[in-house]
Every structure is written in C-alpha cells, then in structure tokens.
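The data block below is model06.txt; it holds compact mmCIF, N, CA, C and O atoms.
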```txt
# COMPACT_ATOMS: atom_id res chain seq x y z
N MET J 1 283.83 93.31 126.78
CA MET J 1 284.35 92.67 127.97
C MET J 1 284.98 91.34 127.58
O MET J 1 284.40 90.55 126.85
N LEU J 2 286.16 91.08 128.08
CA LEU J 2 286.85 89.84 127.81
C LEU J 2 286.72 88.91 129.01
O LEU J 2 286.63 89.36 130.15
N ALA J 3 286.71 87.63 128.72
CA ALA J 3 286.62 86.64 129.79
C ALA J 3 287.70 85.59 129.58
O ALA J 3 288.08 85.28 128.45
N ASP J 4 288.18 85.06 130.66
CA ASP J 4 289.13 83.96 130.62
C ASP J 4 288.37 82.72 130.17
O ASP J 4 287.28 82.44 130.67
N LEU J 5 288.94 81.97 129.24
CA LEU J 5 288.28 80.77 128.72
C LEU J 5 287.91 79.81 129.85
O LEU J 5 286.83 79.20 129.82
N ALA J 6 288.73 79.71 130.87
CA ALA J 6 288.45 78.81 132.00
C ALA J 6 287.24 79.27 132.80
O ALA J 6 286.63 78.48 133.51
N GLU J 7 286.86 80.55 132.67
CA GLU J 7 285.73 81.06 133.43
C GLU J 7 284.40 80.95 132.69
O GLU J 7 283.35 81.25 133.25
N LEU J 8 284.45 80.53 131.42
CA LEU J 8 283.20 80.38 130.66
C LEU J 8 282.38 79.22 131.23
O LEU J 8 282.94 78.22 131.68
N PRO J 9 281.06 79.33 131.21
CA PRO J 9 280.23 78.26 131.73
C PRO J 9 280.33 76.99 130.88
O PRO J 9 280.64 77.06 129.69
N GLU J 10 280.09 75.86 131.52
CA GLU J 10 280.05 74.59 130.79
C GLU J 10 278.94 74.67 129.75
O GLU J 10 277.91 75.29 129.97
N LYS J 11 279.16 74.02 128.62
CA LYS J 11 278.15 74.00 127.58
C LYS J 11 277.96 72.57 127.10
O LYS J 11 278.89 71.77 127.14
N PRO J 12 276.77 72.24 126.61
CA PRO J 12 276.57 70.91 126.04
C PRO J 12 277.52 70.71 124.86
O PRO J 12 277.89 71.68 124.17
N ASP J 13 277.89 69.47 124.60
CA ASP J 13 278.83 69.17 123.53
C ASP J 13 278.40 69.69 122.18
O ASP J 13 279.23 70.08 121.37
N GLU J 14 277.09 69.72 121.91
CA GLU J 14 276.63 70.15 120.59
C GLU J 14 276.62 71.67 120.43
O GLU J 14 276.48 72.18 119.33
N ASP J 15 276.78 72.41 121.52
CA ASP J 15 276.82 73.87 121.45
C ASP J 15 278.22 74.36 121.11
O ASP J 15 279.22 73.69 121.40
N ILE J 16 278.27 75.54 120.50
CA ILE J 16 279.54 76.13 120.10
C ILE J 16 279.53 77.60 120.51
O ILE J 16 278.55 78.31 120.29
N TYR J 17 280.60 78.05 121.13
CA TYR J 17 280.75 79.48 121.37
C TYR J 17 281.03 80.15 120.03
O TYR J 17 281.72 79.60 119.17
N LEU J 18 280.52 81.37 119.85
CA LEU J 18 280.70 82.07 118.57
C LEU J 18 282.17 82.24 118.22
O LEU J 18 282.55 82.12 117.05
N PHE J 19 283.01 82.50 119.20
CA PHE J 19 284.43 82.70 118.89
C PHE J 19 285.07 81.45 118.32
O PHE J 19 286.08 81.52 117.62
N GLU J 20 284.49 80.27 118.59
CA GLU J 20 285.04 79.02 118.07
C GLU J 20 284.84 78.87 116.57
O GLU J 20 285.49 78.05 115.93
N LEU J 21 283.93 79.66 115.99
CA LEU J 21 283.67 79.58 114.56
C LEU J 21 284.75 80.25 113.73
O LEU J 21 285.02 79.84 112.60
N GLU J 22 285.35 81.29 114.28
CA GLU J 22 286.35 82.04 113.53
C GLU J 22 287.54 81.15 113.17
O GLU J 22 288.09 80.45 114.01
N GLY J 23 287.89 81.16 111.88
CA GLY J 23 288.99 80.35 111.38
C GLY J 23 288.57 79.00 110.84
O GLY J 23 289.39 78.30 110.24
N LEU J 24 287.29 78.62 111.02
CA LEU J 24 286.85 77.32 110.50
C LEU J 24 286.65 77.39 108.99
O LEU J 24 286.22 78.40 108.44
N ARG J 25 286.97 76.27 108.32
CA ARG J 25 286.71 76.15 106.89
C ARG J 25 285.20 76.05 106.70
O ARG J 25 284.51 75.42 107.50
N VAL J 26 284.70 76.64 105.62
CA VAL J 26 283.28 76.59 105.31
C VAL J 26 283.09 75.73 104.07
O VAL J 26 283.70 75.98 103.02
N LEU J 27 282.26 74.71 104.22
CA LEU J 27 281.96 73.79 103.12
C LEU J 27 280.50 73.93 102.73
O LEU J 27 279.65 74.19 103.57
N LEU J 28 280.23 73.70 101.45
CA LEU J 28 278.86 73.67 100.96
C LEU J 28 278.33 72.24 101.10
O LEU J 28 279.10 71.32 101.41
N PRO J 29 277.04 72.01 100.87
CA PRO J 29 276.48 70.67 101.08
C PRO J 29 277.20 69.55 100.34
O PRO J 29 277.28 68.43 100.84
N ASP J 30 277.75 69.85 99.17
CA ASP J 30 278.45 68.81 98.39
C ASP J 30 279.95 68.75 98.70
O ASP J 30 280.72 68.16 97.95
N ASP J 31 280.36 69.35 99.82
CA ASP J 31 281.75 69.40 100.29
C ASP J 31 282.65 70.35 99.49
O ASP J 31 283.86 70.36 99.69
N THR J 32 282.08 71.15 98.61
CA THR J 32 282.86 72.17 97.92
C THR J 32 283.30 73.22 98.93
O THR J 32 282.47 73.74 99.67
N PRO J 33 284.60 73.53 98.99
CA PRO J 33 285.04 74.57 99.92
C PRO J 33 284.55 75.94 99.47
O PRO J 33 284.63 76.28 98.28
N LEU J 34 284.04 76.73 100.41
CA LEU J 34 283.62 78.10 100.11
C LEU J 34 284.65 79.10 100.60
O LEU J 34 284.97 80.06 99.92
N GLY J 35 285.20 78.87 101.79
CA GLY J 35 286.17 79.81 102.36
C GLY J 35 286.38 79.54 103.83
O GLY J 35 286.27 78.40 104.28
N VAL J 36 286.64 80.61 104.58
CA VAL J 36 286.94 80.51 106.01
C VAL J 36 286.11 81.57 106.74
O VAL J 36 285.96 82.69 106.26
N VAL J 37 285.59 81.20 107.91
CA VAL J 37 284.87 82.17 108.73
C VAL J 37 285.90 83.16 109.26
O VAL J 37 286.81 82.80 110.00
N GLU J 38 285.74 84.41 108.85
CA GLU J 38 286.69 85.45 109.23
C GLU J 38 286.23 86.20 110.48
O GLU J 38 287.02 86.61 111.31
N ARG J 39 284.91 86.40 110.58
CA ARG J 39 284.37 87.18 111.69
C ARG J 39 282.93 86.75 111.94
O ARG J 39 282.23 86.35 111.01
N VAL J 40 282.48 86.85 113.19
CA VAL J 40 281.11 86.54 113.56
C VAL J 40 280.55 87.73 114.32
O VAL J 40 281.16 88.21 115.27
N GLU J 41 279.41 88.22 113.87
CA GLU J 41 278.71 89.30 114.56
C GLU J 41 277.32 88.80 114.92
O GLU J 41 276.74 88.01 114.19
N ASP J 42 276.80 89.28 116.04
CA ASP J 42 275.46 88.82 116.43
C ASP J 42 274.59 89.95 116.97
O ASP J 42 273.82 89.78 117.89
N ASP J 43 274.71 91.11 116.35
CA ASP J 43 273.89 92.24 116.79
C ASP J 43 273.32 92.94 115.57
O ASP J 43 274.08 93.56 114.83
N PRO J 44 272.09 92.85 115.27
CA PRO J 44 271.01 92.22 116.05
C PRO J 44 270.82 90.75 115.72
O PRO J 44 270.20 90.02 116.47
N THR J 45 271.34 90.28 114.55
CA THR J 45 271.24 88.86 114.22
C THR J 45 272.63 88.33 113.91
O THR J 45 273.55 89.10 113.60
N GLU J 46 272.78 87.03 113.98
CA GLU J 46 274.09 86.42 113.75
C GLU J 46 274.42 86.39 112.26
O GLU J 46 273.68 85.84 111.45
N VAL J 47 275.56 87.00 111.92
CA VAL J 47 276.04 87.04 110.54
C VAL J 47 277.52 86.68 110.56
O VAL J 47 278.29 87.21 111.36
N TRP J 48 277.88 85.75 109.68
CA TRP J 48 279.28 85.36 109.54
C TRP J 48 279.87 86.05 108.32
O TRP J 48 279.26 86.08 107.26
N THR J 49 281.07 86.56 108.46
CA THR J 49 281.82 87.03 107.31
C THR J 49 282.71 85.88 106.87
O THR J 49 283.54 85.40 107.65
N ILE J 50 282.47 85.41 105.66
CA ILE J 50 283.25 84.30 105.10
C ILE J 50 284.14 84.86 104.01
O ILE J 50 283.67 85.59 103.13
N ARG J 51 285.43 84.56 104.08
CA ARG J 51 286.39 85.02 103.08
C ARG J 51 286.71 83.82 102.17
O ARG J 51 287.16 82.78 102.64
N THR J 52 286.43 83.97 100.87
CA THR J 52 286.70 82.88 99.94
C THR J 52 288.18 82.82 99.61
O THR J 52 288.93 83.76 99.90
N GLY J 53 288.60 81.73 98.99
CA GLY J 53 289.98 81.57 98.58
C GLY J 53 290.42 82.62 97.58
O GLY J 53 291.60 82.95 97.49
N GLU J 54 289.46 83.18 96.84
CA GLU J 54 289.75 84.23 95.87
C GLU J 54 289.73 85.62 96.50
O GLU J 54 289.90 86.62 95.82
N GLY J 55 289.43 85.69 97.80
CA GLY J 55 289.43 86.96 98.51
C GLY J 55 288.09 87.66 98.59
O GLY J 55 287.99 88.74 99.16
N ALA J 56 287.04 87.07 98.01
CA ALA J 56 285.70 87.68 98.08
C ALA J 56 285.14 87.53 99.49
O ALA J 56 285.46 86.58 100.21
N GLU J 57 284.30 88.48 99.86
CA GLU J 57 283.64 88.47 101.16
C GLU J 57 282.19 88.06 100.97
O GLU J 57 281.50 88.62 100.12
N VAL J 58 281.73 87.09 101.76
CA VAL J 58 280.34 86.65 101.74
C VAL J 58 279.78 86.87 103.14
O VAL J 58 280.35 86.39 104.12
N LEU J 59 278.68 87.61 103.22
CA LEU J 59 278.00 87.79 104.50
C LEU J 59 276.89 86.76 104.58
O LEU J 59 275.92 86.80 103.81
N PHE J 60 277.05 85.82 105.50
CA PHE J 60 276.16 84.67 105.62
C PHE J 60 275.24 84.83 106.82
O PHE J 60 275.71 84.95 107.96
N PRO J 61 273.91 84.84 106.60
CA PRO J 61 272.97 84.91 107.72
C PRO J 61 272.92 83.55 108.41
O PRO J 61 272.37 82.59 107.87
N ALA J 62 273.49 83.46 109.57
CA ALA J 62 273.70 82.17 110.24
C ALA J 62 272.45 81.68 110.97
O ALA J 62 272.48 81.41 112.16
N ALA J 63 271.36 81.55 110.23
CA ALA J 63 270.14 80.99 110.80
C ALA J 63 270.28 79.47 110.87
O ALA J 63 270.95 78.85 110.02
N GLU J 64 269.68 78.88 111.86
CA GLU J 64 269.81 77.44 112.11
C GLU J 64 269.49 76.60 110.87
O GLU J 64 270.15 75.59 110.61
N GLU J 65 268.50 77.02 110.09
CA GLU J 65 268.10 76.22 108.92
C GLU J 65 269.15 76.21 107.81
O GLU J 65 269.09 75.38 106.91
N PHE J 66 270.15 77.10 107.87
CA PHE J 66 271.19 77.15 106.84
C PHE J 66 272.49 76.48 107.29
O PHE J 66 273.43 76.37 106.51
N ILE J 67 272.56 76.05 108.54
CA ILE J 67 273.77 75.41 109.06
C ILE J 67 273.50 73.91 109.17
O ILE J 67 272.68 73.47 109.96
N LEU J 68 274.20 73.14 108.36
CA LEU J 68 273.99 71.69 108.33
C LEU J 68 274.80 70.96 109.38
O LEU J 68 274.34 69.98 109.95
N GLU J 69 276.03 71.43 109.61
CA GLU J 69 276.94 70.74 110.53
C GLU J 69 278.02 71.71 110.95
O GLU J 69 278.49 72.52 110.15
N ALA J 70 278.42 71.62 112.20
CA ALA J 70 279.52 72.43 112.69
C ALA J 70 280.42 71.53 113.53
O ALA J 70 279.95 70.89 114.46
N SER J 71 281.68 71.48 113.17
CA SER J 71 282.62 70.63 113.88
C SER J 71 283.93 71.38 114.12
O SER J 71 284.89 71.24 113.35
N PRO J 72 283.97 72.19 115.20
CA PRO J 72 285.23 72.89 115.50
C PRO J 72 286.40 71.93 115.69
O PRO J 72 287.53 72.25 115.33
N GLU J 73 286.11 70.76 116.24
CA GLU J 73 287.17 69.78 116.47
C GLU J 73 287.83 69.35 115.16
O GLU J 73 289.01 69.09 115.10
N GLU J 74 287.02 69.27 114.09
CA GLU J 74 287.54 68.88 112.78
C GLU J 74 287.84 70.09 111.90
O GLU J 74 288.31 69.94 110.78
N GLY J 75 287.54 71.29 112.40
CA GLY J 75 287.93 72.51 111.72
C GLY J 75 287.03 72.96 110.58
O GLY J 75 287.50 73.66 109.67
N PHE J 76 285.74 72.59 110.60
CA PHE J 76 284.87 73.01 109.52
C PHE J 76 283.43 73.23 109.97
O PHE J 76 283.01 72.75 111.02
N VAL J 77 282.71 73.97 109.13
CA VAL J 77 281.26 74.07 109.21
C VAL J 77 280.72 73.80 107.81
O VAL J 77 281.36 74.15 106.82
N ARG J 78 279.56 73.15 107.76
CA ARG J 78 278.92 72.87 106.47
C ARG J 78 277.62 73.67 106.44
O ARG J 78 276.81 73.59 107.37
N ILE J 79 277.47 74.47 105.37
CA ILE J 79 276.29 75.34 105.28
C ILE J 79 275.53 75.08 103.98
O ILE J 79 276.09 74.55 103.01
N ASP J 80 274.28 75.45 103.99
CA ASP J 80 273.43 75.43 102.80
C ASP J 80 272.82 76.83 102.69
O ASP J 80 271.74 77.08 103.22
N PRO J 81 273.55 77.77 102.06
CA PRO J 81 273.10 79.17 102.05
C PRO J 81 271.75 79.34 101.37
O PRO J 81 271.36 78.53 100.53
N PRO J 82 271.03 80.39 101.73
CA PRO J 82 269.75 80.65 101.07
C PRO J 82 269.94 80.82 99.57
O PRO J 82 270.98 81.31 99.12
N GLU J 83 268.93 80.44 98.83
CA GLU J 83 268.98 80.53 97.38
C GLU J 83 269.33 81.95 96.94
O GLU J 83 268.77 82.93 97.43
N GLY J 84 270.31 82.04 96.03
CA GLY J 84 270.71 83.31 95.46
C GLY J 84 271.78 84.06 96.22
O GLY J 84 272.37 85.01 95.70
N LEU J 85 272.07 83.66 97.46
CA LEU J 85 273.04 84.40 98.27
C LEU J 85 274.43 84.41 97.64
O LEU J 85 275.06 85.46 97.52
N LEU J 86 274.91 83.25 97.24
CA LEU J 86 276.27 83.19 96.68
C LEU J 86 276.36 83.95 95.36
O LEU J 86 277.39 84.56 95.07
N GLU J 87 275.29 83.95 94.57
CA GLU J 87 275.30 84.69 93.32
C GLU J 87 275.45 86.19 93.58
O GLU J 87 276.09 86.89 92.81
N ILE J 88 274.86 86.67 94.66
CA ILE J 88 274.99 88.09 95.01
C ILE J 88 276.45 88.46 95.25
O ILE J 88 276.94 89.47 94.76
N TYR J 89 277.15 87.61 95.99
CA TYR J 89 278.53 87.93 96.36
C TYR J 89 279.57 87.45 95.36
O TYR J 89 280.63 88.06 95.22
N LEU J 90 279.29 86.34 94.68
CA LEU J 90 280.30 85.74 93.83
C LEU J 90 279.98 85.86 92.35
O LEU J 90 280.79 85.45 91.51
N GLY J 91 278.81 86.34 92.03
CA GLY J 91 278.42 86.47 90.62
C GLY J 91 278.35 85.12 89.95
O GLY J 91 277.77 84.19 90.47
N GLY J 92 279.01 85.01 88.84
CA GLY J 92 278.95 83.78 88.05
C GLY J 92 279.99 82.75 88.41
O GLY J 92 280.17 81.78 87.71
N GLU J 93 280.72 82.95 89.51
CA GLU J 93 281.77 81.99 89.90
C GLU J 93 281.18 80.64 90.20
O GLU J 93 280.13 80.49 90.71
```

Take the structure in the file and write it out as structure tokens.
Amino acid sequence: MLADLAELPEKPDEDIYLFELEGLRVLLPDDTPLGVVERVEDDPTEVWTIRTGEGAEVLFPAAEEFILEASPEEGFVRIDPPEGLLEIYLGGE
C-alpha cells in the first residue's frame, strides 16, 4: 500500500521513516565510507542492503545497538556493525 507523504503522521525529529534511509551514505565509526543504503526490509527484522563502492552487497542487521547516528538531512548514517560481519561480505578488503 502506498501513502502520500503529506498523509503520513507527524513524527518526533529523532525518528526516521524507513524509506528515508534509502540512498544515504553509510559510514563506519571512524568515518570510513562503507557504501550506500540500497534497500530496507523489516520482515521479520529490519535489515539494510548496503552496496559498497566496489559493488559488494552487505546485509546489515539494523539493531539499535549497531546504529550510532542517522542524519537524513546530512545524507548519512554511521554504523558499528557486529564483529565479523564485514569480513563475511568483504573478505580481506
């Protein structure tokens, strides 16, 4: 079901609609760019598909403890992925 953006309920400033994440740059804690949020799914849990600059796909479990900062206004999210996650998708990169 699609909704008109004007019909969405008001949200607190710190909240973000899931669709607002798509297209945001993804940064690691030290500001190293990881890629861009390509897709967001939330059934049964929220998972972001992040596409790296090299074209690799990273499936990121978007649990609150792994998200350090999200700023759609500035066009980025900063994440601290669980240990070993990036090695699974990126190997030795």

Excluding J:Glu38 and its own-chain neighbours fewer than 3 positions away, which residues fall within 6 Å of it when counting all atoms listed in the file? Please give them as a count of residues only. 6

Just the number, please: distance in Å from atom CA of J:Glu73 to atom CA of J:Glu46, one decimal.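 Atom-to-atom, atom CA of J:Glu73 and atom CA of J:Glu46 are spaced 21.3 Å apart.
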
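The residue that comes closest to J:Pro61, out of J:Gly91, J:Gly35, J:Pro29, J:Pro81 and on the basis of only C-alpha atoms, is J:Pro81.
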
When you look at J:Pro72 with a cut-off of 7 Å (counting all atoms listed in the file), what residues show up, excluding the ones that are within fewer than 3 positions of it in the same chain? I need them as a ChimeraX atom specification. /J:20-21,24,75-77

Emit the selected residues as a PDB file, in the frame of the given file, including N, CA, C and O atoms.
```
ATOM      1  N   GLU J  20     284.490  80.270 118.590  1.00  0.00           N
ATOM      2  CA  GLU J  20     285.040  79.020 118.070  1.00  0.00           C
ATOM      3  C   GLU J  20     284.840  78.870 116.570  1.00  0.00           C
ATOM      4  O   GLU J  20     285.490  78.050 115.930  1.00  0.00           O
ATOM      5  N   LEU J  21     283.930  79.660 115.990  1.00  0.00           N
ATOM      6  CA  LEU J  21     283.670  79.580 114.560  1.00  0.00           C
ATOM      7  C   LEU J  21     284.750  80.250 113.730  1.00  0.00           C
ATOM      8  O   LEU J  21     285.020  79.840 112.600  1.00  0.00           O
ATOM      9  N   LEU J  24     287.290  78.620 111.020  1.00  0.00           N
ATOM     10  CA  LEU J  24     286.850  77.320 110.500  1.00  0.00           C
ATOM     11  C   LEU J  24     286.650  77.390 108.990  1.00  0.00           C
ATOM     12  O   LEU J  24     286.220  78.400 108.440  1.00  0.00           O
ATOM     13  N   GLY J  75     287.540  71.290 112.400  1.00  0.00           N
ATOM     14  CA  GLY J  75     287.930  72.510 111.720  1.00  0.00           C
ATOM     15  C   GLY J  75     287.030  72.960 110.580  1.00  0.00           C
ATOM     16  O   GLY J  75     287.500  73.660 109.670  1.00  0.00           O
ATOM     17  N   PHE J  76     285.740  72.590 110.600  1.00  0.00           N
ATOM     18  CA  PHE J  76     284.870  73.010 109.520  1.00  0.00           C
ATOM     19  C   PHE J  76     283.430  73.230 109.970  1.00  0.00           C
ATOM     20  O   PHE J  76     283.010  72.750 111.020  1.00  0.00           O
ATOM     21  N   VAL J  77     282.710  73.970 109.130  1.00  0.00           N
ATOM     22  CA  VAL J  77     281.260  74.070 109.210  1.00  0.00           C
ATOM     23  C   VAL J  77     280.720  73.800 107.810  1.00  0.00           C
ATOM     24  O   VAL J  77     281.360  74.150 106.820  1.00  0.00           O
TER      25      VAL J  77
END
```

Around all the atoms of stretch 64-76 of chain J listed in the file, draw an axis-aligned box and extend it by 6 Å on each of the six sides; I want its centre and edge lengths in Å to one decimal, as lines of an AutoDock Vina configuration file.
```
center_x = 278.6
center_y = 73.9
center_z = 111.5
size_x = 32.9
size_y = 22.0
size_z = 22.0
```

Quick one: DSSP alpha helix (DSSP H) residues in chain J, as a list in words? Leu85, Leu86, Glu87, Ile88, Tyr89 and Leu90 of chain J

Can you give me all heavy atoms for stretch 65-76 of chain J, written as a PDB file, keeping the file's coordinate frame?
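New file result.pdb:
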```
ATOM      1  N   GLU J  65     268.500  77.020 110.090  1.00  0.00           N
ATOM      2  CA  GLU J  65     268.100  76.220 108.920  1.00  0.00           C
ATOM      3  C   GLU J  65     269.150  76.210 107.810  1.00  0.00           C
ATOM      4  O   GLU J  65     269.090  75.380 106.910  1.00  0.00           O
ATOM      5  CB  GLU J  65     266.750  76.678 108.354  1.00  0.00           C
ATOM      6  CG  GLU J  65     266.745  78.085 107.811  1.00  0.00           C
ATOM      7  CD  GLU J  65     266.249  79.118 108.812  1.00  0.00           C
ATOM      8  OE1 GLU J  65     266.332  78.897 110.037  1.00  0.00           O
ATOM      9  OE2 GLU J  65     265.779  80.170 108.359  1.00  0.00           O
ATOM     10  N   PHE J  66     270.150  77.100 107.870  1.00  0.00           N
ATOM     11  CA  PHE J  66     271.190  77.150 106.840  1.00  0.00           C
ATOM     12  C   PHE J  66     272.490  76.480 107.290  1.00  0.00           C
ATOM     13  O   PHE J  66     273.430  76.370 106.510  1.00  0.00           O
ATOM     14  CB  PHE J  66     271.491  78.598 106.454  1.00  0.00           C
ATOM     15  CG  PHE J  66     270.296  79.367 105.965  1.00  0.00           C
ATOM     16  CD1 PHE J  66     270.060  80.646 106.428  1.00  0.00           C
ATOM     17  CD2 PHE J  66     269.410  78.817 105.054  1.00  0.00           C
ATOM     18  CE1 PHE J  66     268.961  81.371 105.985  1.00  0.00           C
ATOM     19  CE2 PHE J  66     268.306  79.528 104.609  1.00  0.00           C
ATOM     20  CZ  PHE J  66     268.076  80.814 105.077  1.00  0.00           C
ATOM     21  N   ILE J  67     272.560  76.050 108.540  1.00  0.00           N
ATOM     22  CA  ILE J  67     273.770  75.410 109.060  1.00  0.00           C
ATOM     23  C   ILE J  67     273.500  73.910 109.170  1.00  0.00           C
ATOM     24  O   ILE J  67     272.680  73.470 109.960  1.00  0.00           O
ATOM     25  CB  ILE J  67     274.149  75.991 110.435  1.00  0.00           C
ATOM     26  CG1 ILE J  67     274.355  77.501 110.311  1.00  0.00           C
ATOM     27  CG2 ILE J  67     275.409  75.304 110.975  1.00  0.00           C
ATOM     28  CD1 ILE J  67     274.481  78.214 111.631  1.00  0.00           C
ATOM     29  N   LEU J  68     274.200  73.140 108.360  1.00  0.00           N
ATOM     30  CA  LEU J  68     273.990  71.690 108.330  1.00  0.00           C
ATOM     31  C   LEU J  68     274.800  70.960 109.380  1.00  0.00           C
ATOM     32  O   LEU J  68     274.340  69.980 109.950  1.00  0.00           O
ATOM     33  CB  LEU J  68     274.337  71.148 106.935  1.00  0.00           C
ATOM     34  CG  LEU J  68     273.587  71.779 105.760  1.00  0.00           C
ATOM     35  CD1 LEU J  68     274.085  71.187 104.449  1.00  0.00           C
ATOM     36  CD2 LEU J  68     272.090  71.594 105.921  1.00  0.00           C
ATOM     37  N   GLU J  69     276.030  71.430 109.610  1.00  0.00           N
ATOM     38  CA  GLU J  69     276.940  70.740 110.530  1.00  0.00           C
ATOM     39  C   GLU J  69     278.020  71.710 110.950  1.00  0.00           C
ATOM     40  O   GLU J  69     278.490  72.520 110.150  1.00  0.00           O
ATOM     41  CB  GLU J  69     277.559  69.540 109.802  1.00  0.00           C
ATOM     42  CG  GLU J  69     278.511  68.712 110.591  1.00  0.00           C
ATOM     43  CD  GLU J  69     279.079  67.541 109.777  1.00  0.00           C
ATOM     44  OE1 GLU J  69     278.830  67.443 108.565  1.00  0.00           O
ATOM     45  OE2 GLU J  69     279.794  66.742 110.381  1.00  0.00           O
ATOM     46  N   ALA J  70     278.420  71.620 112.200  1.00  0.00           N
ATOM     47  CA  ALA J  70     279.520  72.430 112.690  1.00  0.00           C
ATOM     48  C   ALA J  70     280.420  71.530 113.530  1.00  0.00           C
ATOM     49  O   ALA J  70     279.950  70.890 114.460  1.00  0.00           O
ATOM     50  CB  ALA J  70     279.012  73.596 113.528  1.00  0.00           C
ATOM     51  N   SER J  71     281.680  71.480 113.170  1.00  0.00           N
ATOM     52  CA  SER J  71     282.620  70.630 113.880  1.00  0.00           C
ATOM     53  C   SER J  71     283.930  71.380 114.120  1.00  0.00           C
ATOM     54  O   SER J  71     284.890  71.240 113.350  1.00  0.00           O
ATOM     55  CB  SER J  71     282.879  69.351 113.078  1.00  0.00           C
ATOM     56  OG  SER J  71     283.778  68.526 113.777  1.00  0.00           O
ATOM     57  N   PRO J  72     283.970  72.190 115.200  1.00  0.00           N
ATOM     58  CA  PRO J  72     285.230  72.890 115.500  1.00  0.00           C
ATOM     59  C   PRO J  72     286.400  71.930 115.690  1.00  0.00           C
ATOM     60  O   PRO J  72     287.530  72.250 115.330  1.00  0.00           O
ATOM     61  CB  PRO J  72     284.918  73.642 116.795  1.00  0.00           C
ATOM     62  CG  PRO J  72     283.441  73.739 116.851  1.00  0.00           C
ATOM     63  CD  PRO J  72     282.918  72.532 116.126  1.00  0.00           C
ATOM     64  N   GLU J  73     286.110  70.760 116.240  1.00  0.00           N
ATOM     65  CA  GLU J  73     287.170  69.780 116.470  1.00  0.00           C
ATOM     66  C   GLU J  73     287.830  69.350 115.160  1.00  0.00           C
ATOM     67  O   GLU J  73     289.010  69.090 115.100  1.00  0.00           O
ATOM     68  CB  GLU J  73     286.637  68.513 117.167  1.00  0.00           C
ATOM     69  CG  GLU J  73     285.915  68.762 118.463  1.00  0.00           C
ATOM     70  CD  GLU J  73     284.453  69.198 118.267  1.00  0.00           C
ATOM     71  OE1 GLU J  73     283.838  68.933 117.214  1.00  0.00           O
ATOM     72  OE2 GLU J  73     283.927  69.848 119.178  1.00  0.00           O
ATOM     73  N   GLU J  74     287.020  69.270 114.090  1.00  0.00           N
ATOM     74  CA  GLU J  74     287.540  68.880 112.780  1.00  0.00           C
ATOM     75  C   GLU J  74     287.840  70.090 111.900  1.00  0.00           C
ATOM     76  O   GLU J  74     288.310  69.940 110.780  1.00  0.00           O
ATOM     77  CB  GLU J  74     286.560  67.938 112.097  1.00  0.00           C
ATOM     78  CG  GLU J  74     286.402  66.620 112.859  1.00  0.00           C
ATOM     79  CD  GLU J  74     285.458  65.671 112.157  1.00  0.00           C
ATOM     80  OE1 GLU J  74     285.550  65.542 110.919  1.00  0.00           O
ATOM     81  OE2 GLU J  74     284.634  65.060 112.855  1.00  0.00           O
ATOM     82  N   GLY J  75     287.540  71.290 112.400  1.00  0.00           N
ATOM     83  CA  GLY J  75     287.930  72.510 111.720  1.00  0.00           C
ATOM     84  C   GLY J  75     287.030  72.960 110.580  1.00  0.00           C
ATOM     85  O   GLY J  75     287.500  73.660 109.670  1.00  0.00           O
ATOM     86  N   PHE J  76     285.740  72.590 110.600  1.00  0.00           N
ATOM     87  CA  PHE J  76     284.870  73.010 109.520  1.00  0.00           C
ATOM     88  C   PHE J  76     283.430  73.230 109.970  1.00  0.00           C
ATOM     89  O   PHE J  76     283.010  72.750 111.020  1.00  0.00           O
ATOM     90  CB  PHE J  76     284.880  71.986 108.373  1.00  0.00           C
ATOM     91  CG  PHE J  76     284.086  70.740 108.667  1.00  0.00           C
ATOM     92  CD1 PHE J  76     282.740  70.661 108.331  1.00  0.00           C
ATOM     93  CD2 PHE J  76     284.667  69.643 109.284  1.00  0.00           C
ATOM     94  CE1 PHE J  76     281.998  69.521 108.608  1.00  0.00           C
ATOM     95  CE2 PHE J  76     283.945  68.506 109.566  1.00  0.00           C
ATOM     96  CZ  PHE J  76     282.601  68.440 109.227  1.00  0.00           C
TER      97      PHE J  76
END
```
